[in-house]
Structure formats: C-alpha cells, structure tokens
$ cat my_file_0.tsv   # TSV, C-alpha atoms
chain	number	residue	atom	x	y	z
A	1	MET	CA	0.00	0.00	0.00
A	2	ASN	CA	1.21	3.48	-0.83
A	3	VAL	CA	1.41	5.13	2.59
A	4	MET	CA	1.61	8.66	1.22
A	5	SER	CA	-1.73	8.32	-0.54
A	6	ASP	CA	-3.40	7.29	2.72
A	7	THR	CA	-1.79	9.80	5.04
A	8	PRO	CA	-4.07	12.81	5.67
A	9	ILE	CA	-2.94	16.13	4.27
A	10	LYS	CA	-1.74	18.40	7.07
A	11	ARG	CA	-4.01	21.41	6.66
A	12	SER	CA	-2.85	25.01	7.03
A	13	ALA	CA	-4.14	27.22	9.85
A	14	GLN	CA	-6.49	28.96	7.41
A	15	SER	CA	-7.82	25.63	6.19
A	16	LEU	CA	-8.37	24.48	9.78
A	17	GLU	CA	-10.36	27.62	10.54
A	18	LEU	CA	-12.57	26.89	7.55
A	19	MET	CA	-12.92	23.27	8.66
A	20	ALA	CA	-13.99	24.41	12.14
A	21	TYR	CA	-16.61	26.66	10.55
A	22	GLU	CA	-17.97	23.77	8.49
A	23	LEU	CA	-18.03	21.54	11.56
A	24	ARG	CA	-20.06	24.13	13.46
A	25	CYS	CA	-22.58	24.32	10.62
A	26	ASN	CA	-22.92	20.55	10.68
A	27	VAL	CA	-23.36	20.48	14.46
A	28	VAL	CA	-26.26	22.93	14.25
A	29	THR	CA	-27.83	21.00	11.37
A	30	LEU	CA	-27.50	17.65	13.15
A	31	VAL	CA	-28.91	18.81	16.47
A	32	ALA	CA	-31.67	20.76	14.72
A	33	GLY	CA	-32.88	17.47	13.28
A	34	THR	CA	-33.67	16.20	16.77
A	35	GLY	CA	-34.78	19.56	18.15
A	36	GLN	CA	-32.58	19.16	21.20
A	37	GLY	CA	-29.06	18.01	21.95
A	38	TYR	CA	-25.45	18.82	22.68
A	39	VAL	CA	-25.05	21.74	20.32
A	40	GLN	CA	-23.29	24.02	22.81
A	41	GLN	CA	-20.48	21.57	23.50
A	42	GLY	CA	-20.08	20.80	19.81
A	43	LEU	CA	-19.78	24.45	18.82
A	44	GLY	CA	-17.25	25.01	21.60
A	45	ALA	CA	-15.03	22.05	20.65
A	46	ALA	CA	-15.05	22.58	16.87
A	47	ASP	CA	-11.58	24.16	16.70
A	48	LEU	CA	-10.07	21.30	18.70
A	49	PHE	CA	-11.67	18.68	16.45
A	50	ALA	CA	-10.57	20.54	13.33
A	51	ALA	CA	-6.96	20.53	14.53
A	52	LEU	CA	-7.14	16.87	15.52
A	53	TYR	CA	-8.69	15.48	12.34
A	54	GLY	CA	-7.36	18.11	9.97
A	55	ARG	CA	-3.73	18.02	11.03
A	56	GLU	CA	-2.67	16.10	14.11
A	57	LEU	CA	-3.92	12.51	13.91
A	58	ASN	CA	-2.26	9.92	11.68
A	59	TYR	CA	-4.73	7.53	10.11
A	60	ARG	CA	-5.59	5.81	6.84
A	61	LYS	CA	-9.02	6.47	5.41
A	62	ASP	CA	-9.26	3.09	3.71
A	63	GLU	CA	-7.67	1.08	6.52
A	64	PRO	CA	-9.41	1.94	9.82
A	65	ASN	CA	-7.69	-0.94	11.62
A	66	TRP	CA	-4.18	0.13	10.56
A	67	PRO	CA	-2.07	-0.98	13.57
A	68	ASP	CA	0.02	2.20	13.65
A	69	ARG	CA	-2.92	4.62	13.49
A	70	ASP	CA	-3.17	7.24	16.22
A	71	ARG	CA	-5.98	6.47	18.63
A	72	PHE	CA	-8.56	9.10	19.59
A	73	LEU	CA	-11.15	8.60	22.31
A	74	LEU	CA	-13.96	10.96	23.20
A	75	SER	CA	-14.61	10.42	26.89
A	76	THR	CA	-17.53	12.88	26.73
A	77	ALA	CA	-19.20	10.51	24.28
A	78	HIS	CA	-22.49	12.45	24.28
A	79	ASN	CA	-20.71	15.21	22.32
A	80	SER	CA	-21.47	13.07	19.31
A	81	ALA	CA	-22.60	15.68	16.79
A	82	ILE	CA	-19.15	17.27	16.55
A	83	PHE	CA	-17.37	13.89	16.64
A	84	GLY	CA	-19.43	12.46	13.78
A	85	ALA	CA	-19.13	15.66	11.78
A	86	ALA	CA	-15.34	15.55	12.17
A	87	LEU	CA	-15.15	11.90	11.12
A	88	ALA	CA	-17.19	12.65	8.01
A	89	GLN	CA	-15.10	15.72	7.20
A	90	ALA	CA	-11.95	13.60	7.49
A	91	GLY	CA	-13.35	10.97	5.13
A	92	LEU	CA	-13.57	8.33	7.84
A	93	LEU	CA	-17.36	8.20	7.89
A	94	PRO	CA	-19.71	8.30	4.86
A	95	SER	CA	-21.48	11.64	4.83
A	96	ASP	CA	-24.87	9.98	4.36
A	97	VAL	CA	-24.53	8.42	7.82
A	98	LEU	CA	-24.90	11.91	9.28
A	99	THR	CA	-28.48	12.03	8.01
A	100	THR	CA	-29.34	9.12	10.35
A	101	TYR	CA	-28.18	10.89	13.50
A	102	CYS	CA	-30.24	9.70	16.51
A	103	GLN	CA	-32.73	7.85	14.34
A	104	ASP	CA	-34.06	4.49	15.55
A	105	GLY	CA	-31.76	1.70	14.45
A	106	SER	CA	-28.93	3.98	13.36
A	107	PRO	CA	-25.42	3.22	14.63
A	108	TYR	CA	-24.90	6.99	14.85
A	109	GLU	CA	-26.35	7.40	18.30
A	110	ILE	CA	-26.53	10.27	20.78
A	111	ASN	CA	-23.58	8.59	22.55
A	112	MET	CA	-20.79	7.59	20.19
A	113	SER	CA	-20.30	3.83	20.31
A	114	GLU	CA	-18.39	1.09	18.58
A	115	ARG	CA	-21.57	0.25	16.68
A	116	LEU	CA	-20.41	2.96	14.28
A	117	GLY	CA	-17.37	0.84	13.38
A	118	PRO	CA	-13.65	0.65	14.16
A	119	ILE	CA	-13.25	4.41	13.76
A	120	VAL	CA	-14.71	4.66	17.28
A	121	GLU	CA	-11.95	3.18	19.42
A	122	ALA	CA	-14.09	2.63	22.52
A	123	THR	CA	-17.59	3.24	23.83
A	124	CYS	CA	-17.26	5.82	26.59
A	125	GLY	CA	-20.84	6.45	27.65
A	126	SER	CA	-20.05	6.59	31.37
A	127	LEU	CA	-18.22	9.84	32.09
A	128	GLY	CA	-14.73	9.56	33.55
A	129	GLN	CA	-13.77	6.30	31.85
A	130	GLY	CA	-12.09	7.55	28.69
A	131	LEU	CA	-8.72	8.31	30.24
A	132	SER	CA	-8.48	4.83	31.76
A	133	VAL	CA	-9.02	3.26	28.33
A	134	ALA	CA	-6.49	5.62	26.74
A	135	VAL	CA	-3.90	4.79	29.41
A	136	GLY	CA	-4.30	1.09	28.64
A	137	MET	CA	-3.90	1.70	24.91
A	138	ALA	CA	-0.85	3.91	25.44
A	139	LEU	CA	0.78	1.41	27.79
A	140	SER	CA	0.16	-1.38	25.28
A	141	GLY	CA	1.76	0.74	22.56
A	142	LYS	CA	4.82	1.32	24.72
A	143	ARG	CA	5.27	-2.36	25.48
A	144	LYS	CA	4.89	-3.32	21.81
A	145	LYS	CA	7.20	-0.45	20.79
A	146	SER	CA	4.53	0.82	18.43
A	147	SER	CA	4.69	4.28	16.88
A	148	TYR	CA	1.07	5.29	17.44
A	149	ARG	CA	-0.04	7.97	19.88
A	150	CYS	CA	-3.18	8.07	22.01
A	151	TYR	CA	-5.40	11.13	22.37
A	152	VAL	CA	-8.37	11.47	24.68
A	153	MET	CA	-10.72	14.41	25.17
A	154	LEU	CA	-12.44	14.99	28.50
A	155	GLY	CA	-14.85	17.63	29.66
A	156	ASP	CA	-13.82	19.68	32.67
A	157	GLY	CA	-16.70	18.28	34.74
A	158	GLU	CA	-15.26	14.78	34.30
A	159	LEU	CA	-12.36	15.76	36.54
A	160	GLN	CA	-14.80	15.38	39.43
A	161	GLU	CA	-14.66	11.61	38.88
A	162	GLY	CA	-12.22	9.68	41.07
A	163	GLN	CA	-11.39	7.25	38.27
A	164	VAL	CA	-9.84	10.09	36.27
A	165	TRP	CA	-7.25	10.68	38.98
A	166	GLU	CA	-6.41	6.99	39.34
A	167	ALA	CA	-5.73	6.89	35.59
A	168	THR	CA	-3.80	10.17	35.83
A	169	MET	CA	-1.55	8.67	38.51
A	170	ALA	CA	-0.93	5.55	36.42
A	171	ALA	CA	-0.07	7.51	33.27
A	172	GLY	CA	2.41	9.67	35.15
A	173	HIS	CA	3.96	6.66	36.87
A	174	TYR	CA	4.56	4.84	33.60
A	175	GLY	CA	5.81	7.97	31.82
A	176	LEU	CA	3.36	7.57	28.93
A	177	ASP	CA	4.70	10.26	26.63
A	178	ASN	CA	2.64	8.72	23.79
A	179	LEU	CA	-0.51	9.92	25.57
A	180	CYS	CA	-2.10	13.34	25.14
A	181	MET	CA	-5.21	14.38	27.04
A	182	ILE	CA	-7.24	17.39	25.94
A	183	ILE	CA	-9.52	18.94	28.55
A	184	ASP	CA	-12.38	20.85	26.95
A	185	TRP	CA	-12.57	23.49	29.70
A	186	ASN	CA	-15.96	25.01	28.88
A	187	GLN	CA	-17.12	25.47	32.50
A	188	MET	CA	-20.43	23.67	31.89
A	189	GLN	CA	-21.93	20.47	33.21
A	190	VAL	CA	-25.48	19.24	33.76
A	191	GLU	CA	-25.88	21.14	37.03
A	192	GLY	CA	-24.50	24.39	35.61
A	193	ASP	CA	-21.14	26.15	36.02
A	194	THR	CA	-18.46	23.59	36.92
A	195	GLU	CA	-16.74	25.94	39.35
A	196	LEU	CA	-19.98	26.38	41.29
A	197	VAL	CA	-20.86	22.67	41.26
A	198	MET	CA	-17.43	21.55	42.48
A	199	ASN	CA	-14.38	23.77	42.21
A	200	MET	CA	-11.45	21.80	40.76
A	201	GLU	CA	-8.68	24.37	40.81
A	202	PRO	CA	-5.71	24.39	40.84
A	203	VAL	CA	-6.00	21.83	38.03
A	204	ALA	CA	-2.62	22.48	36.40
A	205	ASP	CA	-0.79	22.05	39.72
A	206	LYS	CA	-2.56	18.74	40.31
A	207	PHE	CA	-1.42	17.32	36.99
A	208	ILE	CA	2.13	18.55	37.59
A	209	ALA	CA	2.08	16.74	40.93
A	210	PHE	CA	1.06	13.55	39.09
A	211	ASN	CA	4.10	13.86	36.77
A	212	TRP	CA	2.34	15.30	33.72
A	213	ASN	CA	3.49	17.91	31.23
A	214	VAL	CA	0.88	20.69	31.33
A	215	LEU	CA	-0.03	23.12	28.54
A	216	LYS	CA	-2.73	25.78	28.92
A	217	ILE	CA	-4.18	27.28	25.73
A	218	ASP	CA	-7.03	29.22	24.18
A	219	GLY	CA	-9.15	26.42	22.70
A	220	HIS	CA	-10.29	28.68	19.84
A	221	ASP	CA	-6.86	29.87	18.69
A	222	ILE	CA	-5.82	27.49	15.91
A	223	ASP	CA	-2.16	28.51	16.13
A	224	GLU	CA	-2.09	27.82	19.87
A	225	ILE	CA	-3.83	24.48	19.42
A	226	VAL	CA	-1.45	23.32	16.69
A	227	ASP	CA	1.58	24.50	18.67
A	228	ALA	CA	0.38	22.60	21.75
A	229	PHE	CA	-0.01	19.37	19.77
A	230	ASP	CA	3.45	19.84	18.26
A	231	LYS	CA	4.97	20.32	21.73
A	232	ALA	CA	3.12	17.30	23.12
A	233	ARG	CA	4.34	15.09	20.28
A	234	LEU	CA	7.97	16.05	20.92
A	235	PHE	CA	7.84	15.89	24.72
A	236	ARG	CA	9.53	12.88	26.32
A	237	GLY	CA	9.18	11.12	29.66
A	238	GLN	CA	5.72	12.35	30.68
A	239	PRO	CA	2.18	12.33	29.33
A	240	THR	CA	0.82	15.70	28.27
A	241	VAL	CA	-2.44	17.37	29.22
A	242	ILE	CA	-3.67	20.32	27.16
A	243	ILE	CA	-6.10	22.45	29.16
A	244	ALA	CA	-8.07	24.22	26.44
A	245	ARG	CA	-10.34	27.08	27.50
A	246	THR	CA	-13.42	27.04	25.29
A	247	LEU	CA	-16.71	28.93	25.10
A	248	VAL	CA	-19.95	27.00	24.75
A	249	GLY	CA	-21.84	28.03	21.64
A	250	LYS	CA	-18.70	29.52	20.06
A	251	GLY	CA	-19.27	31.03	16.64
A	252	VAL	CA	-22.97	31.72	17.15
A	253	PRO	CA	-23.36	35.04	19.01
A	254	SER	CA	-26.93	34.30	20.08
A	255	LEU	CA	-25.80	31.03	21.72
A	256	GLU	CA	-22.37	31.95	23.08
A	257	GLY	CA	-22.05	31.51	26.83
A	258	ILE	CA	-25.48	29.94	27.33
A	259	LEU	CA	-25.04	27.01	29.75
A	260	GLY	CA	-27.50	24.67	28.06
A	261	HIS	CA	-26.15	21.15	28.58
A	262	ASN	CA	-28.87	19.58	26.42
A	263	LEU	CA	-30.15	22.60	24.58
A	264	LYS	CA	-33.53	22.82	22.88
A	265	LEU	CA	-32.98	23.96	19.29
A	266	PRO	CA	-36.27	24.64	17.48
A	267	PRO	CA	-36.19	25.42	13.72
A	268	ASP	CA	-36.22	29.21	14.12
A	269	MET	CA	-33.26	29.13	16.52
A	270	ALA	CA	-31.35	26.75	14.26
A	271	ASP	CA	-31.97	28.94	11.22
A	272	LYS	CA	-30.72	31.99	13.11
A	273	ALA	CA	-27.62	30.08	14.26
A	274	LEU	CA	-26.79	29.06	10.69
A	275	ARG	CA	-27.24	32.64	9.46
A	276	GLU	CA	-24.87	33.89	12.14
A	277	LEU	CA	-22.32	31.25	11.22
A	278	HIS	CA	-22.53	32.11	7.52
A	279	GLU	CA	-22.00	35.79	8.32
A	280	SER	CA	-18.72	34.97	10.07
A	281	LYS	CA	-17.44	32.42	7.55
A	282	PRO	CA	-13.62	32.64	7.33
A	283	ALA	CA	-12.40	34.35	4.20
A	284	VAL	CA	-10.45	32.22	1.73
A	285	ARG	CA	-7.19	33.95	0.93
A	286	GLU	CA	-5.30	33.40	-2.29
A	287	ASN	CA	-1.79	31.95	-1.92

$ encode --input "my_file_0.tsv" --output "structure tokens"
Amino acid sequence: MNVMSDTPIKRSAQSLELMAYELRCNVVTLVAGTGQGYVQQGLGAADLFAALYGRELNYRKDEPNWPDRDRFLLSTAHNSAIFGAALAQAGLLPSDVLTTYCQDGSPYEINMSERLGPIVEATCGSLGQGLSVAVGMALSGKRKKSSYRCYVMLGDGELQEGQVWEATMAAGHYGLDNLCMIIDWNQMQVEGDTELVMNMEPVADKFIAFNWNVLKIDGHDIDEIVDAFDKARLFRGQPTVIIARTLVGKGVPSLEGILGHNLKLPPDMADKALRELHESKPAVREN
C-alpha cells in the first residue's frame, strides 16, 4: 500500500479555521434534526476537532484498523454531533450516515459507540472512563514499541470523577509520553457552572504533581492548538495534558455563553444560528 496516498494532508491554519466553521454548521444542522441536543459543546469544541482530524492525527481512510494509526477517544461521548461531523469531514465516515443521527436503528447514536465501526476506538458512555481506556492503549503501545499515539478528550466536569485521577496517577507513573489528554474546559456540566458545582482548581498544579506535562491554551486559537499538539508530540518522559479554554456556543453570538447542557434547538433558533455562522465564515485567501 502506498502510505503517502493514505496519510491525511496536514491542513494550514487557514484551512483548519474553515474546517472548524464547516463543523459548526454541521453540528447545528444535526442537532436541529432532533430539536434538542449537545449543540453548545459541539460548537465550543469545533476548533479542537478541526486541529485533531485536519492536522494532528495519523490515520488511513481506507484502513481503519491500521495498527500504527493514532488512537482518539472521546470520553464525553455524548458530544457526538461534533465527533461524527469531524469523522465525516476527514473521510472516515460516509457523509450519508450523518443524516441518520439519533434515528431508531442507526449506529450513529446520541452517545458515540463502537456500533459505528472501528473508527470509534471505545464506547465511553459513562463519564470519567475515557482516560483509563487511553492509558491502557498507550501502555500497550509502549510495550509493543509501536509508533502510534493516544489522544483522549475529557470535559472539565469529568475531573470530578475519582477514576480520572487513578488513571492520571498511572499515566504519570509509567511515563506515557505517547498519551495526550485534551480537557475541553468550557465550565459547563449538567448542574451548571463547573466551578460552582465543584471547584477543581488548581488543576494544572494537580497534573504537575502527578508527573504530567501541562499546557494551557485558548481552545479557539488554531495557532495555539497546533503549537500545543506539536509540543506534546515532541515531549519525552511524561504524558501531556492540554487544558483548552473554550466557550460553549462559540461562533454563534446568540448562543455563546449559554449554559445549556442539552439545549432545545427549534427550527427558528437553528436557522438563526446558521445565518450567524454564515455571516462569520472565514475568508479564503489566495496563496
């Protein structure tokens, strides 16, 4: 097999911004089909998913079980609209599957599961479990001397789970520098503002104490996101956690900052959201 033909093109920053815009449009469209869902989280994480699937992850579109593929796990598996949209944008999921989102019998469920195929590395419906699975995959890769890396995205509210800290301790102990955790720090969980539900600070200091490399970034600045992934890939001896500050509803002014964990999105609100997104579409510059 010709590896070069299967290796994703590493998109430019401008291209990633456009990809994030397209992902946001798809998130609104998908959630609008159900009238309610995780639109706020999807809009907020779009830049992170664009950088992951548009530049960072190594995979082969026509060989989903390629042994040396990078592994990505979404611990917040209910954030399925953005995940599925990213998989389709990357060519890993047929676009027509998106039209079946949350329909009876469809493998594209409200919680991403392995029913969708090998492109979903693990079913992480119970919050707090994703890091444990990623640690196991990363440790296996180390022992087999494999080249793949493991990425896992958690929501900030998941850090209230004890299992997360057990897995954090294990990853630091084993020096899993092939593991990168992204925390989508959007300050929202079911009960409201995460800091009011259960304050978790100082988060960075806690990870440092557990022998992790810590990077704090603006989760909407493509250059910062790409730079953080580059640093994590080169770092040796410790796993890396990227604490990415994000804004729920990002890109849609009428939705930005609204703490709606499972937001109702009637047709008129969805239409307005799409209009606002189109008005802020990134300009395509000539090279």

$ closest_residue --input "my_file_0.tsv" --among "A:Gln103, A:Glu195, A:Lys250, A:Gln238" --to "A:Ile208" --atoms "only C-alpha atoms"
A:Gln238

$ axis_aligned_box --input "my_file_0.tsv" --around "stretch 22-38 of chain A" --padding-each-side "4 Å" --output "JSON"
{"center_x": -26.4, "center_y": 20.3, "center_z": 15.6, "size_x": 24.8, "size_y": 16.1, "size_z": 22.2}

$ residues_around --input "my_file_0.tsv" --residues "A:Glu158" --least-positions-apart "6" --cutoff "9 Å" --atoms "only C-alpha atoms" --output "ChimeraX atom specification"
/A:75-76,127-129,164,189

$ residues_around --input "my_file_0.tsv" --residues "stretch 94-102 of chain A" --least-positions-apart "3" --cutoff "8 Å" --atoms "only C-alpha atoms" --output "VMD selection string"
chain A and resid 30 34 84 to 85 88 to 89 91 106 108 to 110

$ atom_distance --input "my_file_0.tsv" --atom1 "atom CA of A:Ser113" --atom2 "atom CA of A:Leu87"
13.3 Å

$ residues_around --input "my_file_0.tsv" --residues "A:Ala51" --least-positions-apart "6" --cutoff "8 Å" --atoms "only C-alpha atoms" --output "ChimeraX atom specification"
/A:16,222,225-226

$ write_last_selection --input "my_file_0.tsv" --atoms "C-alpha atoms" --output "compact mmCIF listing (two decimals), keeping the file's coordinate frame"
# COMPACT_ATOMS: atom_id res chain seq x y z
CA LEU A 16 -8.37 24.48 9.78
CA ILE A 222 -5.82 27.49 15.91
CA ILE A 225 -3.83 24.48 19.42
CA VAL A 226 -1.45 23.32 16.69

$ residues_around --input "my_file_0.tsv" --residues "stretch 146-154 of chain A" --least-positions-apart "4" --cutoff "6 Å" --atoms "only C-alpha atoms" --output "ChimeraX atom specification"
/A:68-76,138,141,178-183

$ residues_around --input "my_file_0.tsv" --residues "A:Glu63" --least-positions-apart "2" --cutoff "10 Å" --atoms "only C-alpha atoms" --output "CSV table (one decimal) with C-alpha atoms, in the coordinates of the input"
chain,number,residue,atom,x,y,z
A,6,ASP,CA,-3.4,7.3,2.7
A,59,TYR,CA,-4.7,7.5,10.1
A,60,ARG,CA,-5.6,5.8,6.8
A,61,LYS,CA,-9.0,6.5,5.4
A,65,ASN,CA,-7.7,-0.9,11.6
A,66,TRP,CA,-4.2,0.1,10.6
A,67,PRO,CA,-2.1,-1.0,13.6
A,69,ARG,CA,-2.9,4.6,13.5
A,92,LEU,CA,-13.6,8.3,7.8
A,118,PRO,CA,-13.6,0.6,14.2
A,119,ILE,CA,-13.2,4.4,13.8

$ atom_distance --input "my_file_0.tsv" --atom1 "atom CA of A:Gly249" --atom2 "atom CA of A:Glu224"
19.8 Å

$ closest_residue --input "my_file_0.tsv" --among "A:Arg11, A:Ala228, A:Ser254, A:Glu166" --to "A:Asp271" --atoms "all atoms listed in the file"
A:Ser254

$ build_atoms --input "my_file_0.tsv" --residues "stretch 70-83 of chain A" --atoms "N, CA, C and O atoms" --output "compact mmCIF listing (two decimals), in the frame of the given file"
# COMPACT_ATOMS: atom_id res chain seq x y z
N ASP A 70 -2.99 6.57 14.93
CA ASP A 70 -3.17 7.24 16.22
C ASP A 70 -4.58 6.93 16.73
O ASP A 70 -5.54 6.88 15.94
N ARG A 71 -4.69 6.74 18.03
CA ARG A 71 -5.98 6.47 18.63
C ARG A 71 -6.57 7.75 19.22
O ARG A 71 -5.86 8.49 19.89
N PHE A 72 -7.86 7.98 18.95
CA PHE A 72 -8.56 9.10 19.59
C PHE A 72 -9.80 8.58 20.29
O PHE A 72 -10.59 7.83 19.71
N LEU A 73 -9.97 8.99 21.55
CA LEU A 73 -11.15 8.60 22.31
C LEU A 73 -11.85 9.85 22.81
O LEU A 73 -11.20 10.77 23.33
N LEU A 74 -13.16 9.87 22.67
CA LEU A 74 -13.96 10.96 23.20
C LEU A 74 -14.63 10.46 24.48
O LEU A 74 -15.61 9.72 24.44
N SER A 75 -14.06 10.87 25.61
CA SER A 75 -14.61 10.42 26.89
C SER A 75 -16.00 11.00 27.10
O SER A 75 -16.89 10.33 27.63
N THR A 76 -16.20 12.26 26.69
CA THR A 76 -17.53 12.88 26.73
C THR A 76 -18.32 12.42 25.51
O THR A 76 -18.60 13.21 24.59
N ALA A 77 -18.67 11.15 25.49
CA ALA A 77 -19.20 10.51 24.28
C ALA A 77 -20.53 11.10 23.83
O ALA A 77 -20.92 10.91 22.67
N HIS A 78 -21.23 11.82 24.71
CA HIS A 78 -22.49 12.45 24.28
C HIS A 78 -22.26 13.62 23.33
O HIS A 78 -23.20 14.06 22.66
N ASN A 79 -21.02 14.12 23.25
CA ASN A 79 -20.71 15.21 22.32
C ASN A 79 -20.54 14.64 20.92
O ASN A 79 -19.54 14.85 20.23
N SER A 80 -21.56 13.91 20.50
CA SER A 80 -21.47 13.07 19.31
C SER A 80 -21.67 13.83 18.00
O SER A 80 -21.19 13.39 16.96
N ALA A 81 -22.37 14.95 18.04
CA ALA A 81 -22.60 15.68 16.79
C ALA A 81 -21.28 16.17 16.21
O ALA A 81 -21.01 16.00 15.01
N ILE A 82 -20.44 16.77 17.03
CA ILE A 82 -19.15 17.27 16.55
C ILE A 82 -18.21 16.12 16.17
O ILE A 82 -17.48 16.21 15.19
N PHE A 83 -18.25 15.03 16.93
CA PHE A 83 -17.37 13.89 16.64
C PHE A 83 -17.73 13.29 15.28
O PHE A 83 -16.87 13.07 14.43
